[in-house]
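What follows is the content of entry01.txt (compact mmCIF, C-alpha atoms).
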# COMPACT_ATOMS: atom_id res chain seq x y z
CA MET W 1261 0.00 0.00 0.00
CA SER W 1262 1.25 3.46 -0.80
CA ALA W 1263 2.01 6.13 1.72
CA ILE W 1264 -0.92 8.14 0.40
CA GLY W 1265 -3.44 5.32 0.45
CA THR W 1266 -5.31 2.89 -1.71
CA VAL W 1267 -7.93 3.74 -4.26
CA SER W 1268 -10.58 1.09 -3.95
CA SER W 1269 -12.42 0.08 -7.09
CA CYS W 1270 -11.82 3.38 -8.87
CA LEU W 1271 -13.43 5.76 -6.55
CA CYS W 1272 -12.94 5.11 -2.87
CA VAL W 1273 -9.76 6.27 -1.19
CA ARG W 1274 -8.57 4.87 2.10
CA PRO W 1275 -7.22 8.05 3.65
CA GLY W 1276 -3.78 8.04 5.25
CA VAL W 1277 -3.19 10.00 8.41
CA TRP W 1278 -0.75 12.47 6.92
CA LEU W 1279 -2.27 15.65 5.54
CA LEU W 1280 -5.74 14.49 6.65
CA LYS W 1281 -7.79 17.55 7.51
CA PRO W 1282 -9.81 17.71 10.74
CA GLY W 1283 -12.98 18.54 8.82
CA MET W 1284 -12.56 15.49 6.65
CA GLN W 1285 -11.95 13.29 9.70
CA LYS W 1286 -15.17 14.56 11.26
CA MET W 1287 -17.12 13.95 8.08
CA SER W 1288 -15.65 10.48 7.64
CA SER W 1289 -16.59 9.36 11.13
CA PHE W 1290 -20.31 9.64 10.38
CA GLY W 1291 -22.01 6.50 9.14
CA LEU W 1292 -25.46 4.98 8.91
CA HIS W 1293 -24.25 1.44 9.57
CA THR W 1294 -23.07 0.32 12.99
CA ALA W 1295 -21.50 -2.99 12.04
CA ALA W 1296 -18.76 -4.29 14.28
CA ARG W 1297 -15.22 -4.10 12.98
CA CYS W 1298 -15.20 -7.86 12.52
CA ALA W 1299 -17.73 -9.91 10.59
CA ALA W 1300 -21.08 -10.55 12.28
CA LYS W 1301 -21.06 -14.05 10.72
CA ASP W 1302 -18.31 -16.31 9.46
CA TYR W 1303 -20.13 -17.23 6.22
CA TYR W 1304 -21.99 -15.28 3.52
CA GLU W 1305 -23.52 -16.44 0.30
CA VAL W 1306 -21.94 -13.46 -1.49
CA LEU W 1307 -18.82 -11.75 -0.13
CA VAL W 1308 -17.69 -8.52 -1.78
CA LEU W 1309 -14.16 -7.23 -1.27
CA GLY W 1310 -14.00 -3.44 -1.65
CA GLY W 1311 -16.43 -0.58 -1.09
CA GLY W 1312 -15.67 1.50 -4.15
CA ALA W 1313 -17.89 1.89 -7.21
CA GLY W 1314 -17.70 -1.75 -8.29
CA GLY W 1315 -18.09 -3.19 -4.81
CA ILE W 1316 -21.07 -1.06 -3.81
CA ALA W 1317 -22.82 -1.48 -7.17
CA MET W 1318 -22.44 -5.25 -7.07
CA SER W 1319 -23.48 -5.56 -3.42
CA ALA W 1320 -26.68 -3.67 -4.29
CA ARG W 1321 -27.33 -6.05 -7.17
CA MET W 1322 -26.53 -9.14 -5.09
CA LYS W 1323 -28.84 -7.96 -2.31
CA ARG W 1324 -31.74 -8.22 -4.76
CA LYS W 1325 -30.69 -11.74 -5.74
CA VAL W 1326 -29.97 -13.43 -2.42
CA GLY W 1327 -31.23 -11.02 0.26
CA ALA W 1328 -29.35 -8.41 2.24
CA ALA W 1329 -28.56 -10.72 5.16
CA ASN W 1330 -26.64 -13.02 2.82
CA VAL W 1331 -24.33 -10.31 1.44
CA ALA W 1332 -21.32 -8.68 3.10
CA VAL W 1333 -18.87 -6.00 1.97
CA VAL W 1334 -15.33 -5.83 3.38
CA GLU W 1335 -14.17 -2.21 3.40
CA PRO W 1336 -12.14 -0.36 6.08
CA SER W 1337 -12.71 3.19 4.79
CA LYS W 1338 -15.24 5.47 6.42
CA THR W 1339 -15.58 7.72 3.38
CA HIS W 1340 -16.63 6.95 -0.18
CA TYR W 1341 -15.35 9.29 -2.89
CA TYR W 1342 -16.61 10.03 -6.37
CA GLN W 1343 -13.12 10.49 -7.71
CA PRO W 1344 -13.95 11.56 -11.29
CA LEU W 1345 -14.91 14.91 -9.78
CA TRP W 1346 -11.34 15.49 -8.60
CA THR W 1347 -10.23 16.77 -12.01
CA LEU W 1348 -12.61 19.69 -11.50
CA VAL W 1349 -11.63 20.06 -7.83
CA GLY W 1350 -7.98 20.42 -8.84
CA GLY W 1351 -8.99 23.01 -11.41
CA GLY W 1352 -11.07 25.01 -8.92
CA ALA W 1353 -14.43 24.25 -10.55
CA LYS W 1354 -15.78 21.98 -7.79
CA GLN W 1355 -15.33 21.53 -4.04
CA LEU W 1356 -13.76 18.39 -2.56
CA ALA W 1357 -16.70 17.96 -0.18
CA ALA W 1358 -19.00 17.43 -3.17
CA SER W 1359 -17.09 14.24 -4.02
CA ALA W 1360 -17.39 12.63 -0.58
CA ARG W 1361 -20.11 10.80 1.32
CA PRO W 1362 -19.99 8.64 4.46
CA MET W 1363 -19.41 5.01 3.49
CA GLY W 1364 -22.44 3.98 5.53
CA SER W 1365 -24.71 6.18 3.42
CA VAL W 1366 -23.84 4.34 0.18
CA MET W 1367 -23.77 0.84 1.63
CA PRO W 1368 -26.98 -1.00 0.59
CA LYS W 1369 -29.40 -1.14 3.50
CA GLY W 1370 -29.22 -4.40 5.40
CA VAL W 1371 -26.01 -5.58 3.75
CA GLU W 1372 -23.32 -6.37 6.32
CA TRP W 1373 -20.48 -3.85 6.28
CA ILE W 1374 -17.33 -5.50 7.61
CA LYS W 1375 -15.06 -2.64 8.64
CA SER W 1376 -11.82 -4.50 8.19
CA GLN W 1377 -9.12 -5.12 5.63
CA VAL W 1378 -8.47 -8.28 3.64
CA THR W 1379 -5.08 -9.80 4.45
CA ALA W 1380 -5.23 -13.01 2.37
CA LEU W 1381 -7.43 -14.88 -0.09
CA ASP W 1382 -7.81 -18.68 -0.08
CA PRO W 1383 -10.09 -19.53 -3.03
CA ASP W 1384 -9.31 -23.25 -2.72
CA LYS W 1385 -11.08 -23.20 0.66
CA ASN W 1386 -13.65 -20.56 -0.32
CA CYS W 1387 -12.57 -18.11 2.36
CA VAL W 1388 -10.66 -14.90 2.99
CA TRP W 1389 -8.67 -13.75 5.99
CA LEU W 1390 -9.16 -10.35 7.56
CA GLU W 1391 -7.21 -8.39 10.16
CA ASN W 1392 -6.78 -10.07 13.56
CA ASP W 1393 -6.82 -13.50 11.87
CA ILE W 1394 -10.56 -13.46 11.26
CA LYS W 1395 -11.74 -15.95 8.64
CA VAL W 1396 -14.84 -15.37 6.54
CA SER W 1397 -16.14 -18.03 4.15
CA TYR W 1398 -18.33 -17.55 1.08
CA LYS W 1399 -20.21 -19.31 -1.67
CA TYR W 1400 -19.48 -16.57 -4.22
CA LEU W 1401 -16.70 -13.98 -4.06
CA ILE W 1402 -16.60 -10.63 -5.90
CA ILE W 1403 -13.22 -8.89 -5.85
CA ALA W 1404 -13.42 -5.11 -6.29
CA LEU W 1405 -10.30 -3.93 -4.48
CA GLY W 1406 -9.32 -1.16 -6.86
CA ILE W 1407 -5.80 0.04 -7.56
CA SER W 1408 -3.03 1.24 -5.25
CA LEU W 1409 -1.23 4.57 -5.56
CA HIS W 1410 2.53 4.54 -5.11
CA TYR W 1411 3.78 8.07 -4.63
CA GLU W 1412 6.68 6.64 -2.64
CA LYS W 1413 8.13 5.14 -5.83
CA ILE W 1414 9.03 8.67 -6.87
CA LYS W 1415 12.05 9.81 -4.86
CA GLY W 1416 11.14 12.81 -2.71
CA LEU W 1417 7.47 11.86 -2.36
CA PRO W 1418 5.10 11.86 -0.60
CA GLU W 1419 6.94 14.22 1.75
CA GLY W 1420 7.37 16.66 -1.16
CA PHE W 1421 3.67 17.51 -0.92
CA ASN W 1422 4.43 19.42 2.26
CA HIS W 1423 6.01 22.04 0.00
CA PRO W 1424 4.06 24.50 -2.17
CA LYS W 1425 3.82 24.45 -5.97
CA ILE W 1426 3.01 20.72 -6.15
CA GLY W 1427 -0.25 18.78 -6.17
CA SER W 1428 -1.96 15.64 -7.40
CA ASN W 1429 -5.57 15.08 -8.40
CA TYR W 1430 -5.32 11.39 -7.53
CA SER W 1431 -5.56 11.74 -3.75
CA ALA W 1432 -8.08 13.41 -1.49
CA GLN W 1433 -5.14 14.69 0.55
CA THR W 1434 -3.40 16.40 -2.38
CA VAL W 1435 -6.07 17.44 -4.89
CA GLU W 1436 -6.69 20.82 -3.26
CA LYS W 1437 -2.94 21.47 -3.37
CA THR W 1438 -3.22 21.34 -7.16
CA TRP W 1439 -5.72 24.20 -7.12
CA LYS W 1440 -3.52 26.16 -4.68
CA ALA W 1441 -0.47 25.70 -6.90
CA LEU W 1442 -2.45 26.90 -9.90
CA GLN W 1443 -3.74 29.96 -8.09
CA ASP W 1444 -0.24 30.83 -6.85
CA PHE W 1445 1.38 30.46 -10.28
CA LYS W 1446 3.52 33.45 -11.22
CA GLU W 1447 5.99 32.60 -13.97
CA GLY W 1448 7.82 29.53 -15.27
CA ASN W 1449 7.17 25.88 -16.09
CA ALA W 1450 3.86 24.18 -15.35
CA ILE W 1451 4.55 20.45 -15.67
CA PHE W 1452 2.01 17.60 -15.81
CA THR W 1453 3.16 13.98 -15.61
CA PHE W 1454 2.04 10.49 -16.65
CA PRO W 1455 3.84 7.49 -15.04
CA ASN W 1456 5.30 4.35 -16.52
CA THR W 1457 2.63 2.06 -15.05
CA PRO W 1458 -1.04 1.25 -15.59
CA VAL W 1459 -3.20 4.09 -14.23
CA LYS W 1460 -6.84 4.73 -13.50
CA CYS W 1461 -8.48 7.21 -15.86
CA ALA W 1462 -5.62 7.64 -18.32
CA GLY W 1463 -7.01 10.97 -19.53
CA ALA W 1464 -6.93 12.65 -16.11
CA PRO W 1465 -3.21 13.54 -16.14
CA GLN W 1466 -3.77 15.84 -19.12
CA LYS W 1467 -7.24 17.11 -18.22
CA ILE W 1468 -5.76 19.24 -15.45
CA MET W 1469 -3.27 20.64 -17.96
CA TYR W 1470 -6.09 21.97 -20.14
CA LEU W 1471 -7.88 23.45 -17.14
CA SER W 1472 -4.65 25.08 -15.97
CA ASP W 1473 -4.11 26.58 -19.42
CA ALA W 1474 -7.64 27.98 -19.37
CA TYR W 1475 -7.22 29.41 -15.86
CA LEU W 1476 -3.90 31.07 -16.71
CA ARG W 1477 -5.46 32.64 -19.80
CA GLU W 1478 -8.38 33.97 -17.76
CA THR W 1479 -6.05 35.48 -15.17
CA GLY W 1480 -3.64 37.02 -17.69
CA LYS W 1481 -0.71 34.78 -16.73
CA ARG W 1482 -0.57 32.49 -19.77
CA SER W 1483 2.14 34.44 -21.56
CA ARG W 1484 4.43 33.85 -18.57
CA ALA W 1485 3.81 30.10 -18.49
CA ASN W 1486 5.54 27.25 -20.30
CA ILE W 1487 3.07 24.35 -20.08
CA MET W 1488 4.33 20.84 -20.74
CA PHE W 1489 2.88 17.33 -20.57
CA ASN W 1490 5.65 14.84 -19.81
CA THR W 1491 4.27 11.39 -20.46
CA SER W 1492 5.96 8.00 -20.25
CA LEU W 1493 3.80 6.87 -23.17
CA GLY W 1494 4.60 7.18 -26.85
CA VAL W 1495 1.19 8.69 -27.69
CA ILE W 1496 -0.97 11.35 -26.10
CA PHE W 1497 -3.99 9.01 -25.96
CA GLY W 1498 -4.54 5.37 -26.85
CA VAL W 1499 -7.40 5.84 -29.34
CA LYS W 1500 -6.32 7.53 -32.56
CA LYS W 1501 -9.53 9.44 -33.23
CA TYR W 1502 -9.32 11.23 -29.88
CA ALA W 1503 -5.52 11.46 -29.92
CA ASP W 1504 -5.70 13.39 -33.17
CA ALA W 1505 -8.23 15.79 -31.66
CA LEU W 1506 -6.12 16.29 -28.53
CA LEU W 1507 -2.99 16.99 -30.57
CA GLU W 1508 -4.89 19.74 -32.35
CA VAL W 1509 -5.83 21.20 -28.97
CA THR W 1510 -2.23 21.14 -27.76
CA LYS W 1511 -1.05 22.75 -30.99
CA GLU W 1512 -3.65 25.53 -30.86
CA ARG W 1513 -2.87 26.33 -27.22
CA ASN W 1514 0.91 25.97 -27.44
CA LEU W 1515 1.13 23.08 -24.99
CA ALA W 1516 4.34 21.05 -25.23
CA VAL W 1517 3.99 17.26 -25.25
CA ASN W 1518 7.14 15.27 -24.40
CA TYR W 1519 6.93 11.52 -24.91
CA LYS W 1520 8.78 8.72 -23.07
CA CYS W 1521 9.52 11.02 -20.12
CA ASN W 1522 9.03 9.35 -16.74
CA LEU W 1523 9.12 11.27 -13.45
CA ILE W 1524 11.56 9.57 -11.04
CA GLU W 1525 12.35 12.28 -8.48
CA VAL W 1526 10.93 15.49 -7.04
CA ARG W 1527 13.21 17.93 -5.26
CA ALA W 1528 10.42 20.00 -3.79
CA ASP W 1529 12.71 22.30 -1.80
CA LYS W 1530 14.38 23.36 -5.06
CA GLN W 1531 11.25 23.07 -7.22
CA GLU W 1532 12.99 20.57 -9.48
CA ALA W 1533 11.54 17.52 -11.23
CA VAL W 1534 13.82 14.78 -12.55
CA PHE W 1535 12.71 12.72 -15.55
CA GLU W 1536 14.24 9.63 -17.09
CA ASN W 1537 14.30 9.13 -20.85
CA LEU W 1538 12.67 5.74 -21.42
CA ASP W 1539 14.29 5.47 -24.87
CA LYS W 1540 17.75 6.09 -23.40
CA PRO W 1541 18.26 4.17 -20.13
CA GLY W 1542 20.26 6.13 -17.59
CA VAL W 1543 19.68 9.48 -19.29
CA THR W 1544 17.87 11.99 -17.08
CA GLU W 1545 16.74 15.59 -17.43
CA ILE W 1546 16.00 18.12 -14.69
CA HIS W 1547 13.17 20.63 -15.09
CA GLN W 1548 12.60 23.60 -12.83
CA TYR W 1549 8.92 24.04 -12.10
CA GLU W 1550 6.61 26.77 -10.88
CA MET W 1551 3.77 24.25 -10.77
CA LEU W 1552 3.94 20.45 -10.80
CA HIS W 1553 1.04 18.02 -11.06
CA VAL W 1554 2.05 14.44 -10.24
CA THR W 1555 0.23 11.35 -11.45
CA PRO W 1556 1.66 8.59 -9.24
CA PRO W 1557 2.81 5.14 -10.30
CA MET W 1558 0.04 2.62 -9.62
CA GLY W 1559 -0.32 -1.11 -9.19
CA PRO W 1560 -2.51 -3.89 -7.80
CA PRO W 1561 -3.31 -3.86 -4.07
CA ALA W 1562 -0.64 -5.62 -2.00
CA VAL W 1563 -3.01 -8.42 -0.94
CA LEU W 1564 -3.41 -9.47 -4.57
CA ILE W 1565 0.29 -9.71 -5.37
CA ASN W 1566 1.26 -13.42 -5.48
CA SER W 1567 -2.34 -14.33 -4.62
CA PRO W 1568 -3.94 -17.49 -6.06
CA VAL W 1569 -6.58 -15.32 -7.75
CA SER W 1570 -4.08 -13.08 -9.55
CA ASP W 1571 -2.00 -13.26 -12.70
CA GLU W 1572 1.78 -12.90 -12.62
CA SER W 1573 1.48 -9.10 -12.45
CA GLY W 1574 -0.88 -9.14 -9.46
CA TRP W 1575 -4.17 -8.33 -11.20
CA VAL W 1576 -7.26 -10.51 -10.65
CA ASP W 1577 -7.25 -13.01 -13.50
CA VAL W 1578 -10.72 -12.97 -15.06
CA ASP W 1579 -12.28 -13.83 -18.39
CA LYS W 1580 -12.43 -10.57 -20.32
CA GLU W 1581 -15.97 -11.21 -21.60
CA THR W 1582 -17.73 -12.66 -18.53
CA LEU W 1583 -15.60 -11.32 -15.62
CA GLN W 1584 -15.63 -14.80 -14.13
CA HIS W 1585 -12.30 -15.99 -12.73
CA LYS W 1586 -10.37 -18.20 -15.11
CA LYS W 1587 -9.64 -20.90 -12.49
CA TYR W 1588 -12.24 -20.47 -9.74
CA PRO W 1589 -15.81 -20.44 -11.15
CA ASN W 1590 -17.32 -18.96 -7.97
CA VAL W 1591 -14.90 -16.00 -7.96
CA PHE W 1592 -15.45 -12.83 -9.99
CA GLY W 1593 -13.65 -9.53 -10.48
CA ILE W 1594 -14.67 -6.01 -11.41
CA GLY W 1595 -12.93 -2.70 -11.93
CA ASP W 1596 -9.36 -1.52 -11.54
CA CYS W 1597 -8.03 -4.59 -9.72
CA THR W 1598 -8.67 -6.89 -12.70
CA ASN W 1599 -6.52 -7.68 -15.73
CA LEU W 1600 -9.26 -6.70 -18.17
CA PRO W 1601 -7.39 -5.13 -21.13
CA THR W 1602 -9.29 -1.83 -21.13
CA SER W 1603 -8.85 1.56 -19.51
CA LYS W 1604 -9.58 1.67 -15.79
CA THR W 1605 -12.47 4.12 -15.39
CA ALA W 1606 -15.75 4.49 -13.51
CA ALA W 1607 -17.58 4.16 -16.83
CA ALA W 1608 -15.91 0.79 -17.37
CA VAL W 1609 -17.08 -0.29 -13.91
CA ALA W 1610 -20.65 0.66 -14.81
CA ALA W 1611 -20.59 -1.43 -17.99
CA GLN W 1612 -18.89 -4.32 -16.22
CA SER W 1613 -21.46 -4.33 -13.41
CA GLY W 1614 -24.29 -5.03 -15.84
CA VAL W 1615 -22.41 -7.91 -17.46
CA LEU W 1616 -21.23 -9.35 -14.15
CA ASP W 1617 -24.76 -9.25 -12.76
CA LYS W 1618 -25.94 -11.50 -15.58
CA THR W 1619 -22.86 -13.72 -15.33
CA ILE W 1620 -23.42 -14.41 -11.64
CA SER W 1621 -27.15 -14.98 -12.16
CA LEU W 1622 -26.43 -17.78 -14.62
CA VAL W 1623 -23.61 -19.27 -12.53
CA MET W 1624 -26.00 -19.43 -9.56
CA LYS W 1625 -28.31 -21.50 -11.78
CA ASN W 1626 -25.42 -23.75 -12.86
CA GLU W 1627 -25.64 -22.32 -16.36
CA LEU W 1628 -22.88 -20.93 -18.57
CA PRO W 1629 -22.52 -17.13 -18.82
CA VAL W 1630 -23.64 -15.70 -22.15
CA LYS W 1631 -23.53 -11.92 -21.70
CA LYS W 1632 -20.26 -10.53 -23.04
CA TYR W 1633 -18.37 -7.40 -21.97
CA ASP W 1634 -16.91 -5.67 -25.03
CA GLY W 1635 -14.37 -3.62 -23.12
CA TYR W 1636 -16.50 -0.47 -23.13
CA THR W 1637 -14.93 2.39 -21.26
CA SER W 1638 -15.27 6.14 -21.38
CA CYS W 1639 -13.12 9.14 -20.63
CA PRO W 1640 -14.69 12.62 -20.71
CA LEU W 1641 -11.60 14.59 -21.73
CA VAL W 1642 -12.02 17.98 -20.10
CA THR W 1643 -10.29 20.53 -22.32
CA GLY W 1644 -11.57 23.69 -20.62
CA TYR W 1645 -14.03 24.96 -18.02
CA ASN W 1646 -16.89 24.39 -20.45
CA LYS W 1647 -15.45 21.95 -22.98
CA VAL W 1648 -15.21 18.16 -23.14
CA ILE W 1649 -14.23 15.63 -25.79
CA LEU W 1650 -16.20 12.51 -24.87
CA ALA W 1651 -14.00 9.50 -25.63
CA GLU W 1652 -15.79 6.14 -25.63
CA PHE W 1653 -14.13 2.98 -26.92
CA ASP W 1654 -13.81 -0.80 -26.66
CA TYR W 1655 -11.16 -3.48 -26.18
CA ASN W 1656 -9.78 -2.83 -29.64
CA ALA W 1657 -9.32 0.90 -28.96
CA GLN W 1658 -12.07 1.58 -31.48
CA PRO W 1659 -14.64 4.34 -30.82
CA LEU W 1660 -17.85 2.99 -29.29
CA GLU W 1661 -19.84 6.17 -29.06
CA THR W 1662 -23.23 6.73 -27.45
CA PHE W 1663 -24.43 9.84 -29.25
CA PRO W 1664 -25.09 10.37 -33.00
CA ILE W 1665 -22.53 13.19 -33.18
CA ASP W 1666 -18.79 13.46 -33.65
CA GLN W 1667 -17.62 13.03 -30.07
CA SER W 1668 -14.05 14.01 -30.92
CA LYS W 1669 -15.23 17.63 -31.05
CA GLU W 1670 -15.08 19.83 -27.95
CA ARG W 1671 -18.62 20.38 -26.69
CA THR W 1672 -20.19 22.36 -23.86
CA THR W 1673 -23.04 19.85 -23.58
CA MET W 1674 -20.55 17.08 -22.83
CA TYR W 1675 -18.93 19.25 -20.15
CA HIS W 1676 -22.25 19.66 -18.34
CA MET W 1677 -22.81 15.92 -18.62
CA LYS W 1678 -19.41 15.34 -16.99
CA ALA W 1679 -19.72 18.01 -14.30
CA ASP W 1680 -23.42 17.89 -13.45
CA MET W 1681 -25.23 14.83 -14.81
CA MET W 1682 -22.70 12.05 -14.19
CA PRO W 1683 -22.39 12.65 -10.42
CA LEU W 1684 -26.19 12.32 -10.10
CA LEU W 1685 -26.15 9.14 -12.18
CA TYR W 1686 -23.32 7.78 -10.06
CA TRP W 1687 -24.86 8.37 -6.64
CA ASN W 1688 -28.46 7.55 -7.58
CA ALA W 1689 -28.15 4.79 -10.17
CA LEU W 1690 -24.73 3.09 -10.38
CA LEU W 1691 -24.20 2.68 -6.64
CA LYS W 1692 -27.75 1.42 -6.23
CA GLY W 1693 -27.17 -1.24 -8.86
CA TYR W 1694 -29.54 0.18 -11.46
CA TRP W 1695 -27.12 1.40 -14.14
CA GLY W 1696 -25.00 -0.85 -16.30
CA GLY W 1697 -23.46 1.75 -18.57
CA PRO W 1698 -24.79 3.53 -21.65
CA ALA W 1699 -25.32 0.49 -23.90
CA PRO W 1700 -29.17 0.74 -23.89
CA VAL W 1701 -28.97 4.46 -24.68
CA ARG W 1702 -26.53 3.78 -27.49
CA LYS W 1703 -28.80 1.10 -28.92
CA LEU W 1704 -31.82 3.40 -28.87
CA MET W 1705 -29.82 6.22 -30.48
CA HIS W 1706 -28.71 3.99 -33.31
CA LEU W 1707 -32.15 2.47 -33.82
CA GLY W 1708 -33.57 5.98 -34.07
CA LEU W 1709 -31.26 6.69 -36.99
CA LYS W 1710 -32.50 3.75 -39.04

Using structure tokens, write down the structure that the file contains.
Amino acid sequence: MSAIGTVSSCLCVRPGVWLLKPGMQKMSSFGLHTAARCAAKDYYEVLVLGGGAGGIAMSARMKRKVGAANVAVVEPSKTHYYQPLWTLVGGGAKQLAASARPMGSVMPKGVEWIKSQVTALDPDKNCVWLENDIKVSYKYLIIALGISLHYEKIKGLPEGFNHPKIGSNYSAQTVEKTWKALQDFKEGNAIFTFPNTPVKCAGAPQKIMYLSDAYLRETGKRSRANIMFNTSLGVIFGVKKYADALLEVTKERNLAVNYKCNLIEVRADKQEAVFENLDKPGVTEIHQYEMLHVTPPMGPPAVLINSPVSDESGWVDVDKETLQHKKYPNVFGIGDCTNLPTSKTAAAVAAQSGVLDKTISLVMKNELPVKKYDGYTSCPLVTGYNKVILAEFDYNAQPLETFPIDQSKERTTMYHMKADMMPLLYWNALLKGYWGGPAPVRKLMHLGLK
């Protein structure tokens, strides 16, 4: 686990003690559930690991299948975050409080909330181990443990966040520092990074760059800023249609894009960032910064590394079409912790939840799963305070768009969908197990064109 914390199933951060604000602690302590820290029972028909988007959505769905008393969710965090909002928090367009709710308020009523952490998985014996050597058995297991942030893999972090001029939209403890750094910008380099690891929401590292550019233009500081996106990747975005559109945006706004540049050290006291050249091992370059936004290296949660349910890289090893585990038929995975070959986003979780619901229903009837997940994921690419390019695509990195318009164009309507409509859909539909992604909408749109 990183020094900052773990992001659970896309959207729920387990806050660390450092930099945790008193107001947030007070808010997090409130909850509607009063479950004991350990499990009330030692067996559940459905056990869900993780209280993020995937875990809560699936526990709501499973409650309707087997009854609330037969479902339990293992999650130590007291606060549930809608993390997609953090791009706008870092850019000053939203407040952090709007992204947070007490975990108890999103937990399906009647479902057992086990306020503990998973320490080991034993799928051969159909059980997991929690803190204090507590064993909980299950008939069906859903793994939704999310992805871990590893700021500590960058030399000088996380302690560097105690200095000004540096922030990160990937942590509840650092996202407001991004906005502060942007407001305090005077003159020099504004640097935005993308690490050499899998990440959640691969568009987010550059979204804050576009917002920063817009803010500096509005405040008359843009002429004194050199804005650069230093990415470890060889492309600006993985889907060509949207990559081409983004390159046009960077060209029009004079934003420098440097490929195969990986952040390895932050010297916060000197305001220096050290990057390695991935094409030339051992070659590094130091950049002075006036503002630095860090996207941390990420990886599977520690409990999944070398686990029987994981592949050699530590991700839950599931069938990419059914989300059923490849070896254990009563084990399933959803979201960022899996090895599904698609981008790790909340939209992907929504689409996966609908497929997984049908998969588990058939498995419970001793039937073979038939519903197939096509890899659908979405990334609303915020390019300004009222502009979004809505990227939607599948496993093959081919556009899989919902609306009968060219979604590679910047649109104000898509911005309002991102900023205003999606949070409502998240809290009121996805987490309650009623939304399985935009596939039905897409189908209706296309039928209407025939």

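Taking all atoms listed in the file into account, the residues near (-17.8, 10.4, -11.7), no farther than 10 Å, are W:Cys1270, W:Leu1271, W:Ala1313, W:Tyr1341, W:Tyr1342, W:Gln1343, W:Pro1344, W:Leu1345, W:Trp1346, W:Thr1347, W:Ser1359, W:Thr1605, W:Ala1606, W:Ala1607, W:Pro1640, W:Lys1678, W:Ala1679, W:Asp1680, W:Met1681, W:Met1682, W:Pro1683, W:Leu1684, W:Leu1685, W:Tyr1686, W:Trp1687.
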
Quiz item: Looking at all atoms listed in the file, which of W:Leu1616, W:Asn1599, W:Val1526, W:Leu1390 is the one that sits closest to Ile1414 in chain W?
Solution: W:Val1526

Exercise. Measure the distance from CA of Gln1584 in chain W to CA of Pro1383 in chain W in Å and round it to one decimal.
Key: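 Rounded to one decimal, the two atoms are 13.3 Å apart.
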
Quiz item: Nearest to Met1677 in chain W: which of W:Ser1492, W:Ser1613, W:Asn1646, W:Thr1434 is it, counting all atoms listed in the file?
Solution: W:Asn1646

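Of the residues under consideration (W:Asp1384, W:Glu1652, W:Asp1393, W:Glu1412), W:Glu1412 shows the shortest atom-to-atom contact distance to Pro1557 in chain W when counting only C-alpha atoms.
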
Self-check item: All residues 9 Å or closer to Ala1610 in chain W, all atoms listed in the file, same chain fewer than 6 positions away omitted, as a ChimeraX atom specification
Solution: /W:1313-1314,1317,1595,1637,1686,1690,1695-1698

Practice problem: Excluding Arg1513 in chain W and any residue of its chain fewer than 6 positions from it, enumerate the residues within 12 Å of it, using all atoms listed in the file, and give them as a VMD selection string. | Solution: chain W and resid 1469 to 1474 1476 to 1477 1482 to 1483 1485 to 1488 1506 to 1507 1643 to 1644

Distance query 12 Å from (-0.6, 5.4, -18.2) using all atoms listed in the file, result as a short mmCIF file (atom, residue, chain, number, x, y, z; two decimals) with C-alpha atoms, in the coordinates of the input:
data_model
loop_
_atom_site.label_atom_id
_atom_site.label_comp_id
_atom_site.auth_asym_id
_atom_site.auth_seq_id
_atom_site.Cartn_x
_atom_site.Cartn_y
_atom_site.Cartn_z
CA THR W 1453 3.16 13.98 -15.61
CA PHE W 1454 2.04 10.49 -16.65
CA PRO W 1455 3.84 7.49 -15.04
CA ASN W 1456 5.30 4.35 -16.52
CA THR W 1457 2.63 2.06 -15.05
CA PRO W 1458 -1.04 1.25 -15.59
CA VAL W 1459 -3.20 4.09 -14.23
CA LYS W 1460 -6.84 4.73 -13.50
CA CYS W 1461 -8.48 7.21 -15.86
CA ALA W 1462 -5.62 7.64 -18.32
CA GLY W 1463 -7.01 10.97 -19.53
CA ALA W 1464 -6.93 12.65 -16.11
CA PRO W 1465 -3.21 13.54 -16.14
CA GLN W 1466 -3.77 15.84 -19.12
CA ASN W 1490 5.65 14.84 -19.81
CA THR W 1491 4.27 11.39 -20.46
CA SER W 1492 5.96 8.00 -20.25
CA LEU W 1493 3.80 6.87 -23.17
CA GLY W 1494 4.60 7.18 -26.85
CA VAL W 1495 1.19 8.69 -27.69
CA ILE W 1496 -0.97 11.35 -26.10
CA PHE W 1497 -3.99 9.01 -25.96
CA GLY W 1498 -4.54 5.37 -26.85
CA TYR W 1519 6.93 11.52 -24.91
CA LYS W 1520 8.78 8.72 -23.07
CA CYS W 1521 9.52 11.02 -20.12
CA ASN W 1522 9.03 9.35 -16.74
CA THR W 1555 0.23 11.35 -11.45
CA PRO W 1556 1.66 8.59 -9.24
CA PRO W 1557 2.81 5.14 -10.30
CA MET W 1558 0.04 2.62 -9.62
CA GLY W 1559 -0.32 -1.11 -9.19
CA THR W 1602 -9.29 -1.83 -21.13
CA SER W 1603 -8.85 1.56 -19.51
CA LYS W 1604 -9.58 1.67 -15.79
#

Quiz item: Which one is closest to Phe1445 in chain W: W:Thr1479, W:Asn1656, W:Asn1392, W:Thr1544? Count all atoms listed in the file.
Solution: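 Of the candidates, the smallest distance to Phe1445 in chain W is held by W:Thr1479.
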
Quiz prompt | Counting all atoms listed in the file, the residue of W:Ala1360, W:Ile1426, W:Val1591, W:Leu1309 that sits nearest Lys1530 in chain W | solution =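 Closest candidate: W:Ile1426.
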
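The interatomic distance for the pair CA of Met1363 in chain W and CA of Thr1339 in chain W works out to 4.7 Å.
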